[in-house]
Amino acid sequence: MISLAQMQTTLGARLTTLDGKPPAARTVSGVHISELGDPTPYLEGGELLLTTGIPFQGPGRRTEEYVARLAHHGVSALGLGLGAGLDEVPDALVRSCRERGLELLVVPDGIPFMDVSRAYWDLVARLGQSDLVASLGTQTALARAAARPDALSSVVRALAQALGGWAAYLPAEEERPTIWPESTRPLLPQLQQETARLNLRGLRSAATFQVHGTGVVAHPVLVGQRIAGVLAIGAGRTLTRADRQVIQTVCVLLSLKAQQDEEAERRTGLLHSAVARLVAGGHLEAARLLAADVGVTLPPGRIRLLLLEGLPTGVPDREVSAVLGALDGGPAVDAGALRLRCTEGGVEICLVDDDAVRFPADRAPGEGAGVVVRAVLSAPLTPAQVPGRLESLREVLAQAPAGALTRPPVSPLDPRAAGWVETLRAHDRGDLLATVQCYLRNRGQWEPAARELGIHRNSLRHRIGIAQRLLQAELDDPDVAANLWLSLKGS
């Protein structure tokens, strides 16, 4: 890097400090000329900024604010050119620069700013640092691109623009590749074929190959010991040392982005698991409240209870989807519909939206050969029915064959229904059972049921509230009402 001392030595009397002493031991990333009141949007940091003083002429407050902006942005030094706007250095400027730690230099009257800029680039060329200096702006632009919401596409685009060619990122998982410019997307099939042929995802080393007669450089992007994807570049020319440094920077940025995505995915999985545990445990209202608070979507209608045994711990949704598709009689379920799941006692419990479960008619028998996973899928249920079906499905799972999906016969009644009747019958309040019968017979209509019982409707509401808390079930749920009514009729 070029230092202020080197510049002052090269320019001599054309660039001086106020006291004639050597300048501070600072490096300079470039020379920038501006008369804007706030030039920081056009600076990367580390520059020697040259001005004739127009931006801070006026009240002393303006000078303080100007210097504060430069210091906060990381400007290396301020060079004041005398003669065009100011004949001497203002005391307010000296004081503000000293307070903010900003080096203040003077370009005497009659010395063009071009001399300072030319001296900087002469030093760069003389020291063989031109490629390195040119890459600094690129690396800063890449870091800013990585902070954008569309970080992946922004970084790939910035890299391609910096190299004057194209760039592509091929994720290791089954995700959509990112390439820029979009006109080069037809290259993707051959890029994927070549990276697979060279086994880049296994070798963890860079490689070069030809695509449509153009040289391509490919680098694996690592997250720990795992390959997150492959970065492929086509520059159409020989890459310089500075180019390779920029590419390595992009590999690091993509690795950090992949780590952030994995951590976000892990946190999301934990939230889905917590909601699933609450539903499986019969805490439906708590599950709904938590789901609303953390942004988890519960199935709007009926769900199916899916139990799997033999899966590795922490298997991702897409692999669960693939396992289901490989089972004899297995359904086709998109990975996104398998997020609401938890693990208990080595059994994976999934709450799947009934609308997301499809049974392909053209699946050949015997496709589950070699699959060691056992699976049981319930008939469509309401969320309130899940706890009552869970234990019986566990029993079915223990006897289920590996490699096939077991679908237990539909029970005519919810297994909890008989227990509900006994709970109501055993309660201290002797009229509770009759009250629930009357309420169900009148299909949940308060006025007719209250008249039949000869009580006020508010008293009826109070009794029904007691019953629902005892049963931990909503009597307005059609399935709960139907099962309880049939059990009451049969008792």
# chains A, B, ... in the order shown; residues from 1 in each chain; ligands from 1

$ residues_around --residues "stretch 64-69 of chain A" --least-positions-apart "4" --cutoff "12 Å" --atoms "only C-alpha atoms" --output "ChimeraX atom specification"
/A:35-41,43,45,49,51,53-60,73-79,90-104

$ write_last_selection --atoms "N, CA and C atoms" --output "CSV table (one decimal), in the first residue's frame"
chain,number,residue,atom,x,y,z
A,35,GLU,N,-15.9,18.6,-4.3
A,35,GLU,CA,-16.3,19.9,-3.6
A,35,GLU,C,-17.7,19.7,-3.0
A,36,LEU,N,-18.2,18.4,-2.9
A,36,LEU,CA,-19.5,18.2,-2.3
A,36,LEU,C,-19.5,18.4,-0.8
A,37,GLY,N,-20.6,18.8,-0.3
A,37,GLY,CA,-20.7,18.9,1.2
A,37,GLY,C,-20.6,17.6,1.9
A,38,ASP,N,-21.0,16.5,1.2
A,38,ASP,CA,-20.9,15.2,1.7
A,38,ASP,C,-20.5,14.2,0.6
A,39,PRO,N,-19.2,14.0,0.4
A,39,PRO,CA,-18.7,13.2,-0.6
A,39,PRO,C,-18.6,11.7,-0.2
A,40,THR,N,-19.0,11.4,1.0
A,40,THR,CA,-18.8,10.0,1.5
A,40,THR,C,-19.5,8.9,0.7
A,41,PRO,N,-20.7,9.2,0.1
A,41,PRO,CA,-21.4,8.2,-0.7
A,41,PRO,C,-20.5,7.7,-1.9
A,43,LEU,N,-17.1,7.5,-1.7
A,43,LEU,CA,-15.8,7.0,-1.2
A,43,LEU,C,-15.9,5.6,-0.6
A,45,GLY,N,-13.4,4.6,1.6
A,45,GLY,CA,-12.6,4.6,2.9
A,45,GLY,C,-11.1,4.5,2.6
A,49,LEU,N,-8.5,12.8,0.4
A,49,LEU,CA,-9.6,13.6,-0.3
A,49,LEU,C,-9.0,15.0,-0.5
A,51,THR,N,-9.8,19.0,-1.7
A,51,THR,CA,-10.9,20.0,-1.8
A,51,THR,C,-10.3,21.4,-1.7
A,53,GLY,N,-12.0,23.8,-0.2
A,53,GLY,CA,-12.6,24.3,1.0
A,53,GLY,C,-14.0,24.8,0.8
A,54,ILE,N,-14.6,24.7,-0.4
A,54,ILE,CA,-15.9,25.2,-0.7
A,54,ILE,C,-16.9,24.5,0.2
A,55,PRO,N,-16.8,23.2,0.5
A,55,PRO,CA,-17.9,22.5,1.3
A,55,PRO,C,-18.0,23.0,2.7
A,56,PHE,N,-17.0,23.5,3.3
A,56,PHE,CA,-17.1,23.9,4.7
A,56,PHE,C,-16.9,25.4,4.9
A,57,GLN,N,-17.0,26.2,3.9
A,57,GLN,CA,-16.9,27.7,4.1
A,57,GLN,C,-18.2,28.2,4.7
A,58,GLY,N,-18.1,29.0,5.7
A,58,GLY,CA,-19.3,29.5,6.4
A,58,GLY,C,-19.2,29.3,7.9
A,59,PRO,N,-20.3,29.1,8.6
A,59,PRO,CA,-20.2,28.9,10.1
A,59,PRO,C,-19.3,27.8,10.5
A,60,GLY,N,-18.7,27.9,11.6
A,60,GLY,CA,-17.8,26.9,12.1
A,60,GLY,C,-18.5,25.5,12.3
A,73,HIS,N,-16.3,8.0,8.1
A,73,HIS,CA,-16.3,7.1,6.9
A,73,HIS,C,-14.9,6.5,6.7
A,74,GLY,N,-13.9,6.9,7.4
A,74,GLY,CA,-12.6,6.3,7.3
A,74,GLY,C,-11.7,6.9,6.3
A,75,VAL,N,-11.9,8.2,5.9
A,75,VAL,CA,-11.0,8.9,5.0
A,75,VAL,C,-9.6,9.0,5.7
A,76,SER,N,-8.6,8.7,4.9
A,76,SER,CA,-7.2,8.7,5.5
A,76,SER,C,-6.7,10.1,5.8
A,77,ALA,N,-6.9,11.0,4.9
A,77,ALA,CA,-6.4,12.4,5.1
A,77,ALA,C,-7.2,13.3,4.2
A,78,LEU,N,-7.2,14.6,4.6
A,78,LEU,CA,-7.8,15.7,3.9
A,78,LEU,C,-6.7,16.6,3.4
A,79,GLY,N,-6.7,16.9,2.1
A,79,GLY,CA,-5.8,17.8,1.5
A,79,GLY,C,-6.5,19.1,1.0
A,90,PRO,N,-8.2,27.5,7.7
A,90,PRO,CA,-9.0,28.1,8.8
A,90,PRO,C,-8.7,27.4,10.1
A,91,ASP,N,-8.7,28.2,11.2
A,91,ASP,CA,-8.4,27.6,12.5
A,91,ASP,C,-9.5,26.5,12.8
A,92,ALA,N,-10.7,26.8,12.4
A,92,ALA,CA,-11.8,25.8,12.7
A,92,ALA,C,-11.5,24.4,12.1
A,93,LEU,N,-11.0,24.5,10.9
A,93,LEU,CA,-10.6,23.2,10.2
A,93,LEU,C,-9.5,22.5,10.9
A,94,VAL,N,-8.5,23.2,11.3
A,94,VAL,CA,-7.3,22.6,12.0
A,94,VAL,C,-7.8,22.0,13.3
A,95,ARG,N,-8.7,22.7,14.1
A,95,ARG,CA,-9.2,22.2,15.3
A,95,ARG,C,-10.0,21.0,15.2
A,96,SER,N,-10.9,21.0,14.2
A,96,SER,CA,-11.8,19.8,13.9
A,96,SER,C,-11.0,18.6,13.5
A,97,CYS,N,-10.0,18.8,12.6
A,97,CYS,CA,-9.2,17.7,12.2
A,97,CYS,C,-8.4,17.1,13.3
A,98,ARG,N,-7.9,17.9,14.2
A,98,ARG,CA,-7.1,17.4,15.4
A,98,ARG,C,-8.1,16.6,16.3
A,99,GLU,N,-9.3,17.2,16.5
A,99,GLU,CA,-10.2,16.5,17.5
A,99,GLU,C,-10.7,15.1,16.9
A,100,ARG,N,-10.8,15.1,15.6
A,100,ARG,CA,-11.3,13.8,15.0
A,100,ARG,C,-10.2,12.9,14.5
A,101,GLY,N,-9.0,13.3,14.7
A,101,GLY,CA,-7.9,12.4,14.3
A,101,GLY,C,-7.7,12.3,12.8
A,102,LEU,N,-8.1,13.3,12.0
A,102,LEU,CA,-8.0,13.3,10.6
A,102,LEU,C,-6.8,14.1,10.1
A,103,GLU,N,-5.9,13.4,9.4
A,103,GLU,CA,-4.6,14.1,9.0
A,103,GLU,C,-5.0,15.2,8.0
A,104,LEU,N,-4.4,16.4,8.2
A,104,LEU,CA,-4.7,17.6,7.4
A,104,LEU,C,-3.4,17.9,6.6

$ atom_distance --atom1 "atom CA of A:Thr9" --atom2 "atom CA of A:Leu50"
17.6 Å

$ closest_residue --among "A:Ala481, A:Leu290, A:Leu187, A:Leu424" --to "A:Leu440" --atoms "only C-alpha atoms"
A:Ala481

$ select_by_dssp --residues "stretch 342-474 of chain A" --states "helix (DSSP H, G or I)" --output "ChimeraX atom specification"
/A:354-356,383-399,417-426,432-441,446-453,457-471

$ write_last_selection --atoms "C-alpha atoms" --output "PDB file, in the first residue's frame"
ATOM      1  CA  ASP A 354     -54.063 -33.719   3.994  1.00  0.00           C
ATOM      2  CA  ASP A 355     -54.194 -31.698   0.747  1.00  0.00           C
ATOM      3  CA  ALA A 356     -50.408 -32.184   0.325  1.00  0.00           C
ATOM      4  CA  PRO A 383     -55.661 -31.385  15.059  1.00  0.00           C
ATOM      5  CA  ALA A 384     -57.671 -32.157  18.214  1.00  0.00           C
ATOM      6  CA  GLN A 385     -57.721 -35.864  17.279  1.00  0.00           C
ATOM      7  CA  VAL A 386     -53.937 -36.183  17.007  1.00  0.00           C
ATOM      8  CA  PRO A 387     -53.145 -37.068  20.661  1.00  0.00           C
ATOM      9  CA  GLY A 388     -55.812 -39.771  20.719  1.00  0.00           C
ATOM     10  CA  ARG A 389     -54.463 -41.450  17.572  1.00  0.00           C
ATOM     11  CA  LEU A 390     -50.774 -41.167  18.388  1.00  0.00           C
ATOM     12  CA  GLU A 391     -50.418 -44.132  20.742  1.00  0.00           C
ATOM     13  CA  SER A 392     -52.426 -46.511  18.555  1.00  0.00           C
ATOM     14  CA  LEU A 393     -50.315 -45.545  15.542  1.00  0.00           C
ATOM     15  CA  ARG A 394     -47.150 -46.217  17.561  1.00  0.00           C
ATOM     16  CA  GLU A 395     -48.416 -49.727  18.193  1.00  0.00           C
ATOM     17  CA  VAL A 396     -49.080 -50.225  14.481  1.00  0.00           C
ATOM     18  CA  LEU A 397     -45.621 -48.859  13.641  1.00  0.00           C
ATOM     19  CA  ALA A 398     -43.925 -51.403  15.910  1.00  0.00           C
ATOM     20  CA  GLN A 399     -45.423 -54.222  13.779  1.00  0.00           C
ATOM     21  CA  ALA A 417     -64.491 -40.809  23.124  1.00  0.00           C
ATOM     22  CA  ALA A 418     -65.177 -43.573  25.686  1.00  0.00           C
ATOM     23  CA  GLY A 419     -62.891 -41.818  28.153  1.00  0.00           C
ATOM     24  CA  TRP A 420     -64.781 -38.579  27.612  1.00  0.00           C
ATOM     25  CA  VAL A 421     -68.057 -40.233  28.596  1.00  0.00           C
ATOM     26  CA  GLU A 422     -66.520 -41.707  31.754  1.00  0.00           C
ATOM     27  CA  THR A 423     -64.985 -38.362  32.683  1.00  0.00           C
ATOM     28  CA  LEU A 424     -68.340 -36.607  32.417  1.00  0.00           C
ATOM     29  CA  ARG A 425     -70.138 -39.385  34.318  1.00  0.00           C
ATOM     30  CA  ALA A 426     -67.576 -39.355  37.162  1.00  0.00           C
ATOM     31  CA  LEU A 432     -72.959 -32.283  33.577  1.00  0.00           C
ATOM     32  CA  LEU A 433     -73.440 -35.438  31.476  1.00  0.00           C
ATOM     33  CA  ALA A 434     -77.095 -34.650  30.766  1.00  0.00           C
ATOM     34  CA  THR A 435     -76.193 -31.047  29.933  1.00  0.00           C
ATOM     35  CA  VAL A 436     -73.628 -32.148  27.315  1.00  0.00           C
ATOM     36  CA  GLN A 437     -76.123 -34.659  25.838  1.00  0.00           C
ATOM     37  CA  CYS A 438     -78.753 -31.943  25.512  1.00  0.00           C
ATOM     38  CA  TYR A 439     -76.260 -29.495  24.003  1.00  0.00           C
ATOM     39  CA  LEU A 440     -75.139 -32.048  21.389  1.00  0.00           C
ATOM     40  CA  ARG A 441     -78.708 -33.116  20.637  1.00  0.00           C
ATOM     41  CA  TRP A 446     -77.728 -22.326  23.017  1.00  0.00           C
ATOM     42  CA  GLU A 447     -81.356 -21.171  23.118  1.00  0.00           C
ATOM     43  CA  PRO A 448     -83.109 -24.514  22.349  1.00  0.00           C
ATOM     44  CA  ALA A 449     -80.760 -26.445  24.661  1.00  0.00           C
ATOM     45  CA  ALA A 450     -81.268 -23.960  27.539  1.00  0.00           C
ATOM     46  CA  ARG A 451     -85.079 -24.121  27.131  1.00  0.00           C
ATOM     47  CA  GLU A 452     -85.027 -27.930  27.149  1.00  0.00           C
ATOM     48  CA  LEU A 453     -82.928 -27.941  30.328  1.00  0.00           C
ATOM     49  CA  ARG A 457     -78.337 -19.749  28.478  1.00  0.00           C
ATOM     50  CA  ASN A 458     -75.498 -18.206  30.546  1.00  0.00           C
ATOM     51  CA  SER A 459     -75.786 -21.114  32.975  1.00  0.00           C
ATOM     52  CA  LEU A 460     -75.600 -23.475  30.011  1.00  0.00           C
ATOM     53  CA  ARG A 461     -72.470 -21.714  28.743  1.00  0.00           C
ATOM     54  CA  HIS A 462     -70.902 -22.097  32.194  1.00  0.00           C
ATOM     55  CA  ARG A 463     -71.609 -25.836  32.305  1.00  0.00           C
ATOM     56  CA  ILE A 464     -70.336 -26.438  28.764  1.00  0.00           C
ATOM     57  CA  GLY A 465     -67.184 -24.505  29.636  1.00  0.00           C
ATOM     58  CA  ILE A 466     -66.588 -26.845  32.592  1.00  0.00           C
ATOM     59  CA  ALA A 467     -67.113 -29.877  30.330  1.00  0.00           C
ATOM     60  CA  GLN A 468     -64.670 -28.639  27.674  1.00  0.00           C
ATOM     61  CA  ARG A 469     -61.971 -27.977  30.244  1.00  0.00           C
ATOM     62  CA  LEU A 470     -62.452 -31.472  31.666  1.00  0.00           C
ATOM     63  CA  LEU A 471     -62.296 -33.125  28.247  1.00  0.00           C
TER      64      LEU A 471
END

$ atom_distance --atom1 "atom CA of A:Leu86" --atom2 "atom CA of A:Ile2"
28.3 Å

$ residues_around --residues "A:Pro23" --least-positions-apart "4" --cutoff "8 Å" --atoms "only C-alpha atoms" --output "PDB file with N, CA and C atoms, in the first residue's frame"
ATOM      1  N   LEU A   4       1.089   7.942   3.216  1.00  0.00           N
ATOM      2  CA  LEU A   4       1.124   9.405   3.122  1.00  0.00           C
ATOM      3  C   LEU A   4       2.566   9.906   3.093  1.00  0.00           C
ATOM      4  N   ALA A   5       3.449   9.248   3.829  1.00  0.00           N
ATOM      5  CA  ALA A   5       4.855   9.663   3.848  1.00  0.00           C
ATOM      6  C   ALA A   5       5.474   9.517   2.464  1.00  0.00           C
ATOM      7  N   GLN A   8       4.174  12.345   0.336  1.00  0.00           N
ATOM      8  CA  GLN A   8       4.762  13.640   0.693  1.00  0.00           C
ATOM      9  C   GLN A   8       6.213  13.717   0.242  1.00  0.00           C
ATOM     10  N   THR A  17       2.589  19.202   5.355  1.00  0.00           N
ATOM     11  CA  THR A  17       1.827  19.255   6.600  1.00  0.00           C
ATOM     12  C   THR A  17       1.860  20.687   7.120  1.00  0.00           C
ATOM     13  N   GLU A 103      -5.874  13.405   9.416  1.00  0.00           N
ATOM     14  CA  GLU A 103      -4.647  14.068   8.966  1.00  0.00           C
ATOM     15  C   GLU A 103      -5.002  15.191   7.983  1.00  0.00           C
TER      16      GLU A 103
END

$ atom_distance --atom1 "atom CA of A:Ala228" --atom2 "atom CA of A:Gly269"
19.3 Å

$ closest_residue --among "A:Val252, A:Leu191, A:Val246, A:Ala160" --to "A:Gly224" --atoms "only C-alpha atoms"
A:Val252

$ closest_residue --among "A:Leu307, A:Leu484, A:Leu163, A:Leu270" --to "A:Thr238" --atoms "only C-alpha atoms"
A:Leu163

$ select_by_dssp --residues "stretch 299-431 of chain A" --states "strand (DSSP E)" --output "VMD selection string"
chain A and resid 303 to 309 341 to 344 347 to 353 374 to 377 405 to 406

$ closest_residue --among "A:Thr382, A:Ser34, A:Thr184, A:Thr249" --to "A:Val279" --atoms "only C-alpha atoms"
A:Thr382

$ residues_around --residues "stretch 214-220 of chain A" --least-positions-apart "6" --cutoff "6 Å" --atoms "only C-alpha atoms" --output "compact mmCIF listing (two decimals) with C-alpha atoms, in the first residue's frame"
# COMPACT_ATOMS: atom_id res chain seq x y z
CA ARG A 204 -12.41 -29.93 -2.45
CA ALA A 206 -10.17 -25.97 -7.83
CA ALA A 207 -10.25 -27.16 -11.45
CA THR A 208 -10.28 -25.78 -14.99
CA GLY A 229 -21.51 -25.59 -3.82
CA VAL A 230 -19.21 -24.74 -6.71
CA LEU A 231 -18.30 -21.26 -8.00
CA ALA A 232 -17.57 -21.25 -11.74
CA ILE A 233 -16.04 -18.28 -13.60
CA GLY A 234 -15.51 -17.56 -17.27
